[in-house]
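Source file: work.pdb; contents: PDB, C-alpha atoms.
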```pdb
ATOM      1  CA  MET A 258      89.146 104.008 156.592  1.00  0.00           C
ATOM      2  CA  ALA A 259      92.434 105.219 157.984  1.00  0.00           C
ATOM      3  CA  ARG A 260      92.303 107.216 161.173  1.00  0.00           C
ATOM      4  CA  SER A 261      93.427 110.821 161.074  1.00  0.00           C
ATOM      5  CA  MET A 262      96.329 112.056 163.162  1.00  0.00           C
ATOM      6  CA  LEU A 263      97.024 115.588 164.283  1.00  0.00           C
ATOM      7  CA  LEU A 264     100.665 116.118 165.121  1.00  0.00           C
ATOM      8  CA  ILE A 265     101.333 119.130 167.335  1.00  0.00           C
ATOM      9  CA  SER A 266     104.874 120.458 167.024  1.00  0.00           C
ATOM     10  CA  ARG A 267     105.793 122.697 169.959  1.00  0.00           C
ATOM     11  CA  GLN A 268     109.573 123.062 169.950  1.00  0.00           C
ATOM     12  CA  ALA A 269     111.846 125.644 168.336  1.00  0.00           C
ATOM     13  CA  PRO A 270     114.130 124.314 165.602  1.00  0.00           C
ATOM     14  CA  TRP A 271     117.260 125.030 167.653  1.00  0.00           C
ATOM     15  CA  ALA A 272     115.954 123.491 170.913  1.00  0.00           C
ATOM     16  CA  GLY A 273     117.358 120.019 170.359  1.00  0.00           C
ATOM     17  CA  PRO A 274     116.088 117.297 168.070  1.00  0.00           C
ATOM     18  CA  ALA A 275     112.384 117.541 169.031  1.00  0.00           C
ATOM     19  CA  ALA A 276     111.292 119.652 166.048  1.00  0.00           C
ATOM     20  CA  ARG A 277     113.115 117.402 163.594  1.00  0.00           C
ATOM     21  CA  GLU A 278     111.697 114.290 165.228  1.00  0.00           C
ATOM     22  CA  ALA A 279     108.162 115.686 165.044  1.00  0.00           C
ATOM     23  CA  LEU A 280     108.698 116.328 161.354  1.00  0.00           C
ATOM     24  CA  ASP A 281     110.093 112.811 160.851  1.00  0.00           C
ATOM     25  CA  LEU A 282     106.965 111.334 162.401  1.00  0.00           C
ATOM     26  CA  ALA A 283     104.818 113.434 160.056  1.00  0.00           C
ATOM     27  CA  LEU A 284     106.810 112.384 156.990  1.00  0.00           C
ATOM     28  CA  ALA A 285     106.615 108.716 158.020  1.00  0.00           C
ATOM     29  CA  GLY A 286     102.826 109.037 158.202  1.00  0.00           C
ATOM     30  CA  GLY A 287     102.795 110.711 154.811  1.00  0.00           C
ATOM     31  CA  ALA A 288     104.848 107.869 153.351  1.00  0.00           C
ATOM     32  CA  PHE A 289     102.050 105.516 154.459  1.00  0.00           C
ATOM     33  CA  ASP A 290      99.422 107.782 152.865  1.00  0.00           C
ATOM     34  CA  LEU A 291      97.822 108.363 156.252  1.00  0.00           C
ATOM     35  CA  PRO A 292      95.584 111.389 156.754  1.00  0.00           C
ATOM     36  CA  LEU A 293      97.847 113.589 158.826  1.00  0.00           C
ATOM     37  CA  SER A 294      97.716 117.248 159.816  1.00  0.00           C
ATOM     38  CA  LEU A 295     100.433 119.312 161.429  1.00  0.00           C
ATOM     39  CA  LEU A 296      99.834 122.119 163.901  1.00  0.00           C
ATOM     40  CA  PHE A 297     102.675 124.465 164.871  1.00  0.00           C
ATOM     41  CA  LEU A 298     102.019 125.637 168.409  1.00  0.00           C
ATOM     42  CA  ASP A 299     103.943 127.621 171.039  1.00  0.00           C
ATOM     43  CA  ASP A 300     107.676 127.714 170.161  1.00  0.00           C
ATOM     44  CA  GLY A 301     106.909 125.359 167.283  1.00  0.00           C
ATOM     45  CA  VAL A 302     105.865 128.374 165.176  1.00  0.00           C
ATOM     46  CA  LEU A 303     109.532 129.452 165.203  1.00  0.00           C
ATOM     47  CA  GLN A 304     110.167 126.604 162.746  1.00  0.00           C
ATOM     48  CA  LEU A 305     108.210 128.643 160.203  1.00  0.00           C
ATOM     49  CA  THR A 306     110.258 131.828 160.194  1.00  0.00           C
ATOM     50  CA  SER A 307     112.250 132.423 157.051  1.00  0.00           C
ATOM     51  CA  GLY A 308     115.855 133.580 156.742  1.00  0.00           C
ATOM     52  CA  GLN A 309     117.269 131.334 159.433  1.00  0.00           C
ATOM     53  CA  GLN A 310     120.956 130.430 159.349  1.00  0.00           C
ATOM     54  CA  PRO A 311     121.159 127.087 161.124  1.00  0.00           C
ATOM     55  CA  GLN A 312     124.684 126.493 159.801  1.00  0.00           C
ATOM     56  CA  GLN A 313     125.854 129.112 162.335  1.00  0.00           C
ATOM     57  CA  LEU A 314     124.882 126.562 164.985  1.00  0.00           C
ATOM     58  CA  GLN A 315     126.282 123.610 163.004  1.00  0.00           C
ATOM     59  CA  GLN A 316     122.697 122.489 162.429  1.00  0.00           C
ATOM     60  CA  LYS A 317     120.998 121.171 159.354  1.00  0.00           C
ATOM     61  CA  ASP A 318     118.334 123.359 157.794  1.00  0.00           C
ATOM     62  CA  LEU A 319     114.986 122.147 159.102  1.00  0.00           C
ATOM     63  CA  GLY A 320     113.223 124.526 156.713  1.00  0.00           C
ATOM     64  CA  ALA A 321     114.434 122.487 153.746  1.00  0.00           C
ATOM     65  CA  ASN A 322     112.896 119.351 155.271  1.00  0.00           C
ATOM     66  CA  LEU A 323     109.642 121.152 156.009  1.00  0.00           C
ATOM     67  CA  GLN A 324     109.348 121.855 152.278  1.00  0.00           C
ATOM     68  CA  ALA A 325     109.069 118.088 151.774  1.00  0.00           C
ATOM     69  CA  LEU A 326     105.709 117.936 153.588  1.00  0.00           C
ATOM     70  CA  PRO A 327     103.519 118.598 150.514  1.00  0.00           C
ATOM     71  CA  LEU A 328     105.593 116.075 148.543  1.00  0.00           C
ATOM     72  CA  PHE A 329     104.586 113.489 151.153  1.00  0.00           C
ATOM     73  CA  GLY A 330     100.935 114.438 150.775  1.00  0.00           C
ATOM     74  CA  ILE A 331     100.806 116.455 154.002  1.00  0.00           C
ATOM     75  CA  GLU A 332      99.022 119.631 153.045  1.00  0.00           C
ATOM     76  CA  GLN A 333      96.934 120.237 156.151  1.00  0.00           C
ATOM     77  CA  LEU A 334      99.348 122.652 157.827  1.00  0.00           C
ATOM     78  CA  TYR A 335      98.263 124.977 160.608  1.00  0.00           C
ATOM     79  CA  ALA A 336      99.805 127.513 162.964  1.00  0.00           C
ATOM     80  CA  SER A 337      98.372 129.056 166.098  1.00  0.00           C
ATOM     81  CA  GLN A 338      97.756 132.773 165.550  1.00  0.00           C
ATOM     82  CA  ARG A 339      98.166 133.315 169.278  1.00  0.00           C
ATOM     83  CA  SER A 340     101.578 131.609 169.299  1.00  0.00           C
ATOM     84  CA  LEU A 341     102.675 133.729 166.306  1.00  0.00           C
ATOM     85  CA  THR A 342     101.457 136.947 167.926  1.00  0.00           C
ATOM     86  CA  GLU A 343     103.127 136.167 171.263  1.00  0.00           C
ATOM     87  CA  ARG A 344     106.433 135.932 169.385  1.00  0.00           C
ATOM     88  CA  GLY A 345     105.938 139.052 167.267  1.00  0.00           C
ATOM     89  CA  LEU A 346     105.367 137.012 164.123  1.00  0.00           C
ATOM     90  CA  GLN A 347     101.752 137.984 163.417  1.00  0.00           C
ATOM     91  CA  HIS A 348     102.749 139.748 160.197  1.00  0.00           C
ATOM     92  CA  ALA A 349     105.850 137.730 159.378  1.00  0.00           C
ATOM     93  CA  GLU A 350     106.211 135.947 156.110  1.00  0.00           C
ATOM     94  CA  LEU A 351     106.295 132.238 156.880  1.00  0.00           C
ATOM     95  CA  GLY A 352     108.288 129.546 155.126  1.00  0.00           C
ATOM     96  CA  LEU A 353     105.281 127.244 154.686  1.00  0.00           C
ATOM     97  CA  PRO A 354     101.737 127.803 153.441  1.00  0.00           C
ATOM     98  CA  VAL A 355     100.066 127.358 156.836  1.00  0.00           C
ATOM     99  CA  GLN A 356      96.544 128.244 157.804  1.00  0.00           C
ATOM    100  CA  ARG A 357      96.519 130.529 160.839  1.00  0.00           C
ATOM    101  CA  LEU A 358      94.004 129.485 163.453  1.00  0.00           C
ATOM    102  CA  ASP A 359      92.580 131.367 166.409  1.00  0.00           C
ATOM    103  CA  ASP A 360      92.034 129.505 169.699  1.00  0.00           C
ATOM    104  CA  ASP A 361      88.505 128.384 168.816  1.00  0.00           C
ATOM    105  CA  GLU A 362      89.687 126.990 165.510  1.00  0.00           C
ATOM    106  CA  VAL A 363      92.541 125.164 167.278  1.00  0.00           C
ATOM    107  CA  ARG A 364      89.952 123.588 169.573  1.00  0.00           C
ATOM    108  CA  GLN A 365      87.911 122.480 166.564  1.00  0.00           C
ATOM    109  CA  LEU A 366      91.019 121.095 164.901  1.00  0.00           C
ATOM    110  CA  LEU A 367      91.832 118.994 167.984  1.00  0.00           C
ATOM    111  CA  ALA A 368      88.283 117.665 168.120  1.00  0.00           C
ATOM    112  CA  SER A 369      88.209 116.769 164.431  1.00  0.00           C
ATOM    113  CA  HIS A 370      91.089 114.251 164.523  1.00  0.00           C
ATOM    114  CA  ASP A 371      91.111 110.663 165.777  1.00  0.00           C
ATOM    115  CA  LEU A 372      94.686 110.640 167.099  1.00  0.00           C
ATOM    116  CA  LEU A 373      96.692 113.426 168.745  1.00  0.00           C
ATOM    117  CA  VAL A 374     100.445 113.396 169.237  1.00  0.00           C
ATOM    118  CA  THR A 375     102.330 116.293 170.837  1.00  0.00           C
ATOM    119  CA  LEU A 376     106.091 116.520 170.373  1.00  0.00           C
TER     120      LEU A 376
ATOM    121  CA  MET B 992      90.449  97.444 174.705  1.00  0.00           C
ATOM    122  CA  GLN B 993      93.638  97.389 172.664  1.00  0.00           C
ATOM    123  CA  PHE B 994      96.209 100.047 173.509  1.00  0.00           C
ATOM    124  CA  VAL B 995      99.350 101.290 171.879  1.00  0.00           C
ATOM    125  CA  ILE B 996     101.507 103.277 174.273  1.00  0.00           C
ATOM    126  CA  ALA B 997     104.009 105.832 173.000  1.00  0.00           C
ATOM    127  CA  LEU B 998     106.722 107.200 175.269  1.00  0.00           C
ATOM    128  CA  PHE B 999     108.668 110.369 174.522  1.00  0.00           C
ATOM    129  CA  ALA B1000     110.460 111.373 177.752  1.00  0.00           C
ATOM    130  CA  ALA B1001     113.711 110.083 179.243  1.00  0.00           C
ATOM    131  CA  SER B1002     113.852 107.350 181.859  1.00  0.00           C
ATOM    132  CA  HIS B1003     114.454 109.840 184.689  1.00  0.00           C
ATOM    133  CA  GLN B1004     111.317 111.859 183.847  1.00  0.00           C
ATOM    134  CA  PRO B1005     108.114 111.281 185.822  1.00  0.00           C
ATOM    135  CA  SER B1006     106.136 110.348 182.714  1.00  0.00           C
ATOM    136  CA  ALA B1007     108.356 107.308 182.096  1.00  0.00           C
ATOM    137  CA  ARG B1008     107.201 105.930 185.458  1.00  0.00           C
ATOM    138  CA  ARG B1009     103.582 106.984 184.894  1.00  0.00           C
ATOM    139  CA  ALA B1010     103.580 105.154 181.572  1.00  0.00           C
ATOM    140  CA  LEU B1011     104.690 101.959 183.315  1.00  0.00           C
ATOM    141  CA  ARG B1012     101.956 102.302 185.932  1.00  0.00           C
ATOM    142  CA  PHE B1013      99.390 102.909 183.193  1.00  0.00           C
ATOM    143  CA  ALA B1014     100.584  99.863 181.259  1.00  0.00           C
ATOM    144  CA  GLU B1015     100.406  97.692 184.397  1.00  0.00           C
ATOM    145  CA  ALA B1016      96.894  98.940 185.133  1.00  0.00           C
ATOM    146  CA  ALA B1017      95.782  98.341 181.552  1.00  0.00           C
ATOM    147  CA  LEU B1018      96.836  94.693 181.668  1.00  0.00           C
ATOM    148  CA  ALA B1019      95.481  94.238 185.192  1.00  0.00           C
ATOM    149  CA  GLY B1020      92.147  95.548 183.923  1.00  0.00           C
ATOM    150  CA  GLY B1021      92.003  92.895 181.218  1.00  0.00           C
ATOM    151  CA  HIS B1022      93.074  95.141 178.335  1.00  0.00           C
ATOM    152  CA  GLN B1023      95.739  94.432 175.737  1.00  0.00           C
ATOM    153  CA  ILE B1024      98.849  96.368 174.850  1.00  0.00           C
ATOM    154  CA  ASN B1025      99.512  95.863 171.156  1.00  0.00           C
ATOM    155  CA  ARG B1026     102.766  97.769 171.137  1.00  0.00           C
ATOM    156  CA  LEU B1027     105.020  99.966 173.202  1.00  0.00           C
ATOM    157  CA  PHE B1028     106.830 102.560 171.117  1.00  0.00           C
ATOM    158  CA  PHE B1029     109.841 104.472 172.450  1.00  0.00           C
ATOM    159  CA  TYR B1030     110.701 107.730 170.689  1.00  0.00           C
ATOM    160  CA  GLN B1031     112.736 110.868 171.365  1.00  0.00           C
ATOM    161  CA  ASP B1032     114.438 110.798 174.794  1.00  0.00           C
ATOM    162  CA  ALA B1033     112.341 107.783 175.858  1.00  0.00           C
ATOM    163  CA  VAL B1034     114.794 105.570 173.990  1.00  0.00           C
ATOM    164  CA  SER B1035     116.951 105.914 177.134  1.00  0.00           C
ATOM    165  CA  ILE B1036     114.513 103.589 178.936  1.00  0.00           C
ATOM    166  CA  ALA B1037     115.843 100.794 176.714  1.00  0.00           C
ATOM    167  CA  ASN B1038     119.483 101.550 177.555  1.00  0.00           C
ATOM    168  CA  ASN B1039     121.088  98.591 179.321  1.00  0.00           C
ATOM    169  CA  SER B1040     124.100 100.708 180.384  1.00  0.00           C
ATOM    170  CA  GLN B1041     122.234 102.841 182.889  1.00  0.00           C
ATOM    171  CA  VAL B1042     123.169 102.095 186.483  1.00  0.00           C
ATOM    172  CA  GLN B1043     121.044 103.344 189.361  1.00  0.00           C
ATOM    173  CA  ALA B1044     122.235 103.889 192.901  1.00  0.00           C
ATOM    174  CA  GLN B1045     121.263 100.952 195.101  1.00  0.00           C
ATOM    175  CA  ASP B1046     118.639 102.869 197.044  1.00  0.00           C
ATOM    176  CA  GLU B1047     116.998 104.332 193.940  1.00  0.00           C
ATOM    177  CA  PHE B1048     114.183 102.871 191.874  1.00  0.00           C
ATOM    178  CA  ASP B1049     115.551 101.286 188.709  1.00  0.00           C
ATOM    179  CA  LEU B1050     112.884 102.215 186.182  1.00  0.00           C
ATOM    180  CA  PRO B1051     114.625 100.741 183.110  1.00  0.00           C
ATOM    181  CA  ALA B1052     114.887  97.430 184.999  1.00  0.00           C
ATOM    182  CA  ALA B1053     111.194  97.612 185.909  1.00  0.00           C
ATOM    183  CA  TRP B1054     110.298  98.193 182.240  1.00  0.00           C
ATOM    184  CA  ARG B1055     112.520  95.274 181.165  1.00  0.00           C
ATOM    185  CA  GLU B1056     110.860  92.923 183.635  1.00  0.00           C
ATOM    186  CA  PHE B1057     107.384  94.103 182.656  1.00  0.00           C
ATOM    187  CA  ILE B1058     108.053  93.622 178.947  1.00  0.00           C
ATOM    188  CA  GLU B1059     109.616  90.222 179.539  1.00  0.00           C
ATOM    189  CA  ARG B1060     106.880  88.991 181.864  1.00  0.00           C
ATOM    190  CA  HIS B1061     104.080  89.912 179.447  1.00  0.00           C
ATOM    191  CA  GLN B1062     106.027  89.260 176.229  1.00  0.00           C
ATOM    192  CA  LEU B1063     105.157  92.724 174.909  1.00  0.00           C
ATOM    193  CA  ASP B1064     106.136  94.127 171.547  1.00  0.00           C
ATOM    194  CA  ALA B1065     108.563  96.924 172.515  1.00  0.00           C
ATOM    195  CA  VAL B1066     109.821  98.966 169.569  1.00  0.00           C
ATOM    196  CA  VAL B1067     112.503 101.652 169.811  1.00  0.00           C
ATOM    197  CA  CYS B1068     112.781 104.169 166.966  1.00  0.00           C
ATOM    198  CA  ILE B1069     116.079 103.399 165.313  1.00  0.00           C
ATOM    199  CA  ALA B1070     116.932 106.973 164.238  1.00  0.00           C
ATOM    200  CA  ALA B1071     116.190 108.406 167.682  1.00  0.00           C
ATOM    201  CA  ALA B1072     118.113 105.519 169.260  1.00  0.00           C
ATOM    202  CA  LEU B1073     121.282 105.874 167.173  1.00  0.00           C
ATOM    203  CA  ARG B1074     121.648 109.593 167.851  1.00  0.00           C
ATOM    204  CA  ARG B1075     121.381 108.880 171.596  1.00  0.00           C
ATOM    205  CA  GLY B1076     123.827 105.989 171.737  1.00  0.00           C
ATOM    206  CA  LEU B1077     121.341 103.126 171.734  1.00  0.00           C
ATOM    207  CA  LEU B1078     122.605 100.330 169.501  1.00  0.00           C
ATOM    208  CA  ASP B1079     121.793  96.681 169.111  1.00  0.00           C
ATOM    209  CA  SER B1080     124.629  94.319 168.220  1.00  0.00           C
ATOM    210  CA  GLN B1081     124.033  94.728 164.485  1.00  0.00           C
ATOM    211  CA  GLU B1082     124.212  98.545 164.649  1.00  0.00           C
ATOM    212  CA  ALA B1083     127.218  98.434 166.995  1.00  0.00           C
ATOM    213  CA  GLN B1084     129.015  96.330 164.415  1.00  0.00           C
ATOM    214  CA  ARG B1085     127.879  98.530 161.518  1.00  0.00           C
ATOM    215  CA  TYR B1086     129.182 101.729 163.147  1.00  0.00           C
ATOM    216  CA  GLY B1087     132.257 100.225 164.766  1.00  0.00           C
ATOM    217  CA  ARG B1088     131.143 100.733 168.358  1.00  0.00           C
ATOM    218  CA  PRO B1089     132.527  98.497 171.111  1.00  0.00           C
ATOM    219  CA  ALA B1090     129.229  97.293 172.584  1.00  0.00           C
ATOM    220  CA  ALA B1091     125.520  97.036 172.097  1.00  0.00           C
ATOM    221  CA  THR B1092     123.560  99.195 174.535  1.00  0.00           C
ATOM    222  CA  LEU B1093     120.008  98.131 173.728  1.00  0.00           C
ATOM    223  CA  ALA B1094     118.490  96.024 176.485  1.00  0.00           C
ATOM    224  CA  SER B1095     117.052  92.626 175.645  1.00  0.00           C
ATOM    225  CA  GLY B1096     113.339  92.547 174.936  1.00  0.00           C
ATOM    226  CA  TYR B1097     113.459  95.650 172.751  1.00  0.00           C
ATOM    227  CA  CYS B1098     113.867  95.896 169.006  1.00  0.00           C
ATOM    228  CA  LEU B1099     114.981  98.796 166.823  1.00  0.00           C
ATOM    229  CA  SER B1100     112.680  99.751 163.984  1.00  0.00           C
ATOM    230  CA  GLY B1101     111.195 102.687 162.116  1.00  0.00           C
ATOM    231  CA  LEU B1102     108.483 105.242 162.817  1.00  0.00           C
ATOM    232  CA  GLY B1103     106.083 103.367 160.567  1.00  0.00           C
ATOM    233  CA  GLN B1104     105.685 100.923 163.458  1.00  0.00           C
ATOM    234  CA  LEU B1105     104.065 103.649 165.545  1.00  0.00           C
ATOM    235  CA  HIS B1106     101.701 104.676 162.757  1.00  0.00           C
ATOM    236  CA  GLU B1107     100.778 101.083 161.995  1.00  0.00           C
ATOM    237  CA  ALA B1108     100.005 100.286 165.630  1.00  0.00           C
ATOM    238  CA  ALA B1109      98.061 103.539 166.109  1.00  0.00           C
ATOM    239  CA  GLN B1110      95.879 102.674 163.130  1.00  0.00           C
ATOM    240  CA  GLN B1111      95.012  99.249 164.496  1.00  0.00           C
ATOM    241  CA  ALA B1112      94.624  99.738 168.245  1.00  0.00           C
ATOM    242  CA  ASP B1113      91.566 101.230 169.903  1.00  0.00           C
ATOM    243  CA  ARG B1114      93.602 103.891 171.678  1.00  0.00           C
ATOM    244  CA  LEU B1115      96.968 105.576 171.292  1.00  0.00           C
ATOM    245  CA  VAL B1116      98.144 106.884 174.660  1.00  0.00           C
ATOM    246  CA  CYS B1117     101.226 109.132 174.708  1.00  0.00           C
ATOM    247  CA  PHE B1118     103.438 109.935 177.677  1.00  0.00           C
ATOM    248  CA  GLY B1119     105.839 112.814 177.968  1.00  0.00           C
ATOM    249  CA  GLY B1120     105.540 114.829 174.780  1.00  0.00           C
ATOM    250  CA  ASP B1121     107.264 118.222 175.005  1.00  0.00           C
TER     251      ASP B1121
END
```
Reformat the file's structure so that it appears as structure tokens.
Amino acid sequence: MARSMLLISRQAPWAGPAAREALDLALAGGAFDLPLSLLFLDDGVLQLTSGQQPQQLQQKDLGANLQALPLFGIEQLYASQRSLTERGLQHAELGLPVQRLDDDEVRQLLASHDLLVTL
Amino acid sequence: MQFVIALFAASHQPSARRALRFAEAALAGGHQINRLFFYQDAVSIANNSQVQAQDEFDLPAAWREFIERHQLDAVVCIAAALRRGLLDSQEAQRYGRPAATLASGYCLSGLGQLHEAAQQADRLVCFGGD
């Protein structure tokens, strides 16, 4: 049986290529049909906010790529409620159907996967 | 035990050196390293154009020697490499660049190589994630 990977994405979409590269690693795993979950943590939750205008920074729209996750079979999407709250996003509408987890649930999520990668 | 080691931080970051020490200790302890995978800024470790001052530790050179001595499988993510100026001779030719910058001993390939190795090894150990 394939081993499960939890990918923890911690960077804002405008903070260099890290967020895009985390997403690329997730999509590559999805292409191999691997059991993969994605947790948005710390500044990573900023990838989920809607209404961004990345073209103002001559950037590609990461949100459009995030929409590809379910198409690649990656439907286990999570966000830290604490990270959202710290950034005033506790009530914000998010661009992806993520499950919001409190700290205990984040701990359980970490423990329930075979492989952890933080980017 | 079989390890796959993933590196994410640039050659001047402490974790790039720690990863080398870990890899050395793993082999010294009788373990195997199935693959080294260089992603994000860690692709700079494979850059043969870096020049260190004479009295400074040359970490990319130390990695090259280690990989060569133990004939390790050292894979550099091609997408991360291209956007940071790391090209082998084939990519340099393809994009009309004057020189290859990828050190010998490394090969450019895709992210699937990290997933594949992580599935097969006993442990995936990552260094320098953000």
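With only C-alpha atoms taken into account, the protein and nucleic acid residues at most 6 Å from segment 1096-1103 of chain B (excluding it and anything under 3 positions from it in its own chain) are Ala285 of chain A; Ala1065, Val1066, Val1067, Cys1068, Ile1069, His1106 and Glu1107 of chain B.
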Report task. May I ask you to extract the residues of chain A within 12 Å of chain B, using all atoms listed in the file, and to give them as a PyMOL selection string? Result -> chain A and resi 258-269+272-293+298-301+371-376
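Closest approach to Leu353 of chain A among A:Leu314, A:Leu303, A:Leu341, A:Leu334: A:Leu334, based on all atoms listed in the file.
The interatomic distance for the pair atom CA of Arg1008 of chain B and atom CA of Ser294 of chain A works out to 29.6 Å.
Separating atom CA of Gln309 of chain A from atom CA of Arg339 of chain A is a distance of 21.6 Å.
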Requested in this report: Decode the PyMOL selection byres ((chain B and resi 1035) around 8) for the given file into explicit residues and return them as a PyMOL selection string.
Outcome: chain B and resi 1001-1002+1032-1034+1036-1038+1072+1075+1077
Selected residues written out, C-alpha atoms, as a PDB file, keeping the file's coordinate frame:
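Saved file again_23.pdb follows:
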```pdb
ATOM      1  CA  ALA B1001     113.711 110.083 179.243  1.00  0.00           C
ATOM      2  CA  SER B1002     113.852 107.350 181.859  1.00  0.00           C
ATOM      3  CA  ASP B1032     114.438 110.798 174.794  1.00  0.00           C
ATOM      4  CA  ALA B1033     112.341 107.783 175.858  1.00  0.00           C
ATOM      5  CA  VAL B1034     114.794 105.570 173.990  1.00  0.00           C
ATOM      6  CA  ILE B1036     114.513 103.589 178.936  1.00  0.00           C
ATOM      7  CA  ALA B1037     115.843 100.794 176.714  1.00  0.00           C
ATOM      8  CA  ASN B1038     119.483 101.550 177.555  1.00  0.00           C
ATOM      9  CA  ALA B1072     118.113 105.519 169.260  1.00  0.00           C
ATOM     10  CA  ARG B1075     121.381 108.880 171.596  1.00  0.00           C
ATOM     11  CA  LEU B1077     121.341 103.126 171.734  1.00  0.00           C
TER      12      LEU B1077
END
```
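Rounded to one decimal, atom CA of Ser337 of chain A and atom CA of Pro1005 of chain B lie 28.3 Å from each other.
Each of A:Pro270, A:Pro354, A:Gly345, A:Leu366 was compared to Gln310 of chain A using only C-alpha atoms, and A:Pro270 turns out to be the nearest.
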**Report entry** Polymer residues at most 10 Å from Ala1017 of chain B, only C-alpha atoms, same-chain spacing of 5 or more positions, as a ChimeraX atom specification
**Finding:** /B:992-994,1011-1012,1022-1024
